[in-house]
Amino acid sequence: MLALPAAAAPAPRRQIFLGTAIACTMGTMLIGGMLATWLQFRADAPLRESAKRGFIKDWMPEKIIVPEVAANMMLIAFCVACVMAQWAVYSAKRQDRAHTGAALGMTAIIGLATLNAQIFIWTQMGVGARDGAFHSMFYAATGAMAFLLIAGIVFTAVAAFRYLGGRTKELEVVSSHALYWYFLTAAFTAVWFVIYVQK
Amino acid sequence: MTSIDTHHAAEVSAPTPAIATWLTSADHKIVGRLHIGAGLTGLLFGLIVAVLVAFERIDADGFQVLDEGAATQALALARNLMTFGGVLPLLLGLAVAVLPLQIGSRSLSFPRLAASGFWLWLTGLGLMIASIFGNGGPGGGESDLVDLYLAAFVVMLIGVAMTATSITVTALTSRAPGMGLLRAPLFSWSSLVGAASLLITVPVLIGTTVYVYVDHRYARLGFGGNKGVNEWIGWATSQPFTYLLAIPALGIALDAVPVLTRRRLVERPIAFVLLGVVAIAGVSAVTQTTVTLPWGGDSFFAGLGTKIADLLPFVLLNVLPVVGILAIVGLVLLSLKEGKPRIAAPLVFVVLGLIGILEGAAAMILRTVEDAGLAGTIFEAGEYVAITFGAAAVAFGGICYWGPKLWGRRLPDKAAIPLALVAFLGTVLGSLPYMIAGFADQPAGVLDGFEYSGPQELWNALTAVGFVSMLLATVAFIALAAKSFITGESAGDDPWDGSTLEWATSSPPPDDNFADVFVVHSSEPLADMKASSTGKDA
């Protein structure tokens with residue numbers, strides 16, 4: 001067997017960051033695909049006469065009231081979560097354990113509050129997935145977003161346990177975690193605009 | 001030389017039982033072999049179902065095994081088994097097993113992710129098959145089992161995505177020092193491109209399946225209930241999604257053929273671009289767009305401006321990938337012409353398989369010309385068979401080529417080459433008659449109740465012969481591979497006089513692949529080393 005000359009030790013590889021970037025890309029395709037299907041259904045819906053707005057697409061039943069305040073609060077909360085996640089990166093780079101822990105904790109709490117707001121929306125709307133195409137698609141799309149949000153909360157918990165458990169020099173997980181929350185905010189912005197604003 | 005202790009763990013811990021090793025290992029060679037073994041099994045069962053379907057099409061009254069009304073389920077079962085249960089795991093398995101060796105890495109990135117991906121894929125596939133047998137699946141009568149089919153489909157896709165993520169991250173982060181992407185072996189590059197294409201398309205498929213699942217379980221108002229399952233997610237077992245299977249297969253050809261023809265592939269940069277061009281089909285799959293070309297029949301010049309505008313997406317999404325495949329076949333033929341080919345089993349499998357892929361891809365261009373009138377006919381099945389069987393044959397070639405590295409033993413050429421010819425016969429006979437029947441308007445998606453002018457029984461009988469040939473080739477290949485890799489002739493470390501890093505380690509490789517960290521100065525580091533050691537000019 002021939003031996004090639006040996007090299008110096010390989011440079012550090014940002015595998016977790018790249019893996020997170022790939023997960024974000026997949027999440028973008030997931031939400032993007034679901035929103036595209038949503039838009040297609042809405043575009044294909046027949047017209048009906050609305051008392052307030054003349055002829056509109058017969059897509060969302062008139063009786064349904066979407067709690068828009070909660071949806072707007074979710075959007076704001078996602079933005080705040082990004083700030084917290086970036087604060088965690090900033091603090092971790094300065095080896096500030098207390099601030100990093102606080103920032104990760106805040107991110108997790110905001111994530112849970114956002115999830116709570118999503119559940120609030122589902123319960124307040126008072127409609128079931130059985131009631132029509134709009135209803136089932138609404139639950140599927142917002143449910144997929146909620147699944148990604150839960151993954152984000154779990155990611156925050158893992159990052160916090162690793163960092164506070166003593167791996168204070170491994171900044172890659174904290175920065176990857178921030179990337180994921182940026183992705184979540186971007187994805188929810190699209191969901192918010194298409195499903196909660198345009199409906 | 002920096003040496004690395006590769007066996008430290010074995011000295012301090014008790015040996016793990018073999019079955020536990022296979023179930024729990026995160027060693028990429030074991031995970032890759034699990035994929036390959038499961039893929040061969042899935043392909044085998046898919047072909048058995050496909051043979052039954054083909055015989056029913058000859059004469060439904062004379063040969064009736066499947067229940068009436070089960071056509072949609074049988075066709076879905078055959079395609080799912082051949083695509084997601086056969087060819088896809090075969091190619092993913094080769095990538096998982098070979099990629100780290102090719103790029104000089106000691107392991108796969110996120111190896112547990114890849115191992116979990118395999119078990120998740122297997123669980124999802126098993127539940128899918130079980131649901132179809134219980135009258136679930138597309139068009140199934142048991143509502144809960146249709147739901148199970150859809151849920152299992154999502155589970156299986158998540159498994160595929162996990163494995164593809166591991167492959168992508170490995171190719172991007174774990175290359176040996178000095179090995180830029182342009183110096184990566186072409187199979188590694190094609191694995192990266194293929195895995196990245198899957199990562200883009202699979203989430204879209206998951207999202208659509210979630211919609212269909214929720215709608216089917218609760219409302220059945222938006223997605224057509226059980227009859228709509230295939231309409232919404234059937235594109236996953238059709239063109240252009242199947243092009244994604246072809247990408248790693250093309251990489252196998254571009255790696256193996258130059259070695260087996262003893263010719264350096266000087267056109268490597270072109271090959272890199274061509275593989276990317278084929279991946280454009282992935283974009284087409286993501287958008288779920290089949291761009292068709294309205295030719296206009298006699299009045300071609302009417303509305304010519306609009307037609308020219310339609311031509312651009314048609315060329316981009318339909319023609320360009322085929323041009324890429326055609327050009328890669330051209331590179332392979334150039335190597336055969338200018339090199340000194342060894343008539344070995346991998347070469348025969350790969351070249352004949354490539355012809356099948358090219359046939360299927362070229363046929364798709366024809367189908368998407370509206371005036372050819374092939375939409376909704378069985379012509380599409382001919383394309384599918386050509387691409388799938390072709391990719392399977394190339395994967396067989398890949399197993400022949402890298403099997404000696406993974407198992408330490410090689411398949412005998414005398415026994416394997418006839419199987420390549422039978423597989424090629426199966427590919428041609430399994431596809432061309434369907435294409436001819438498509439021109440005669442034999443409808444897709446049905447097993448009986450059609451009638452058209454022309455020898456319809458002949459076309460369907462020939463297809464059945466093709467499927468039986470492919471089934472026999474697969475059975476014989478599995479038997480031969482099992483026998484050869486267990487008791488066959490020892491292969492040696494470098495049986496093909498290879499040029500890339502996987503041939504620089506022992507066969508089979510040790511736990512951590514390489515004792516040393518290599519520095520790479522060219523795209524064919526081992527060939528360079530051999531040339532310099534023998535005093536030849538590389």
# chains A, B, ... in the order shown; residues from 1 in each chain; ligands from 1

$ closest_atom_pairs --of "chain A" --to "chain B" --cutoff "6 Å" --atoms "only C-alpha atoms" --output "JSON lines"
{"residue": "A:Ala6", "atom": "CA", "partner": "B:Phe518", "partner_atom": "CA", "distance": 4.8}
{"residue": "A:Ala7", "atom": "CA", "partner": "B:Val519", "partner_atom": "CA", "distance": 4.9}
{"residue": "A:Arg13", "atom": "CA", "partner": "B:Thr173", "partner_atom": "CA", "distance": 5.9}
{"residue": "A:Met26", "atom": "CA", "partner": "B:Pro203", "partner_atom": "CA", "distance": 5.8}
{"residue": "A:Met29", "atom": "CA", "partner": "B:Pro203", "partner_atom": "CA", "distance": 5.7}
{"residue": "A:Leu30", "atom": "CA", "partner": "B:Pro203", "partner_atom": "CA", "distance": 4.6}
{"residue": "A:Gly33", "atom": "CA", "partner": "B:Val204", "partner_atom": "CA", "distance": 5.0}
{"residue": "A:Met34", "atom": "CA", "partner": "B:Gly207", "partner_atom": "CA", "distance": 5.5}
{"residue": "A:Ala129", "atom": "CA", "partner": "B:Tyr218", "partner_atom": "CA", "distance": 5.8}
{"residue": "A:Arg130", "atom": "CA", "partner": "B:Ala219", "partner_atom": "CA", "distance": 4.2}
{"residue": "A:Gly132", "atom": "CA", "partner": "B:Ala219", "partner_atom": "CA", "distance": 5.7}
{"residue": "A:Ala133", "atom": "CA", "partner": "B:Gly222", "partner_atom": "CA", "distance": 4.7}
{"residue": "A:Ser136", "atom": "CA", "partner": "B:Asp215", "partner_atom": "CA", "distance": 5.5}
{"residue": "A:Ala140", "atom": "CA", "partner": "B:Tyr211", "partner_atom": "CA", "distance": 5.7}

$ write_last_selection --atoms "N, CA and C atoms" --output "tab-separated table (two decimals), in the first residue's frame"
chain	number	residue	atom	x	y	z
A	6	ALA	N	1.82	12.85	5.21
A	6	ALA	CA	0.86	13.25	6.23
A	6	ALA	C	0.72	14.75	6.26
A	7	ALA	N	-0.44	15.20	6.70
A	7	ALA	CA	-0.69	16.63	6.76
A	7	ALA	C	-0.76	17.08	8.20
A	13	ARG	N	-13.78	22.45	11.93
A	13	ARG	CA	-14.84	22.36	10.94
A	13	ARG	C	-16.15	22.79	11.58
A	26	MET	N	-34.01	23.44	4.74
A	26	MET	CA	-35.12	22.48	4.63
A	26	MET	C	-36.40	23.07	5.20
A	29	MET	N	-37.89	25.43	2.74
A	29	MET	CA	-38.58	24.72	1.66
A	29	MET	C	-39.91	24.14	2.14
A	30	LEU	N	-39.92	23.65	3.39
A	30	LEU	CA	-41.16	23.09	3.95
A	30	LEU	C	-42.25	24.16	4.03
A	33	GLY	N	-43.11	25.65	0.56
A	33	GLY	CA	-43.96	24.74	-0.22
A	33	GLY	C	-45.40	24.76	0.29
A	34	MET	N	-45.56	24.78	1.61
A	34	MET	CA	-46.91	24.77	2.17
A	34	MET	C	-47.64	26.08	1.88
A	129	ALA	N	-60.62	21.05	12.39
A	129	ALA	CA	-59.99	20.72	11.10
A	129	ALA	C	-60.96	20.02	10.16
A	130	ARG	N	-62.05	19.49	10.72
A	130	ARG	CA	-63.02	18.76	9.89
A	130	ARG	C	-63.93	19.69	9.08
A	132	GLY	N	-63.65	22.09	6.87
A	132	GLY	CA	-63.49	22.50	5.47
A	132	GLY	C	-62.04	22.48	5.04
A	133	ALA	N	-61.83	22.75	3.75
A	133	ALA	CA	-60.47	22.73	3.22
A	133	ALA	C	-59.61	23.82	3.87
A	136	SER	N	-58.61	22.64	7.48
A	136	SER	CA	-57.57	21.60	7.57
A	136	SER	C	-56.21	22.15	7.14
A	140	ALA	N	-52.79	22.50	9.30
A	140	ALA	CA	-51.57	21.84	8.81
A	140	ALA	C	-50.41	22.84	8.72

$ residues_around --residues "Met60 in chain A" --least-positions-apart "2" --cutoff "8 Å" --atoms "only C-alpha atoms" --output "ChimeraX atom specification"
/A:58,62,64,134,199

$ write_last_selection --atoms "C-alpha atoms" --output "compact mmCIF listing (two decimals), in the first residue's frame"
# COMPACT_ATOMS: atom_id res chain seq x y z
CA ASP A 58 -64.56 32.18 -1.40
CA GLU A 62 -66.94 34.52 6.64
CA ILE A 64 -64.18 32.64 11.09
CA PHE A 134 -59.45 26.10 4.66
CA LYS A 199 -55.68 34.87 4.82

$ select_by_dssp --residues "range 338-501 of chain B" --states "strand (DSSP E or B)" --output "VMD selection string"
chain B and resid 369 377 409 443 490

$ residues_around --residues "Ala363 in chain B" --least-positions-apart "2" --cutoff "12 Å" --atoms "only C-alpha atoms" --output "ChimeraX atom specification"
/B:239-240,318-319,322,356-361,365-369,372,374,379-387,431-432,434-436,438-439

$ atom_distance --atom1 "CA of Leu447 in chain B" --atom2 "CA of Leu245 in chain B"
26.5 Å

$ atom_distance --atom1 "CA of Thr163 in chain B" --atom2 "CA of Thr28 in chain A"
18.6 Å

$ select_by_dssp --residues "range 214-390 of chain B" --states "alpha helix (DSSP H)" --output "PyMOL selection string"
chain B and resi 214+229-233+243-260+268-286+304-314+320-338+345-367+379-390
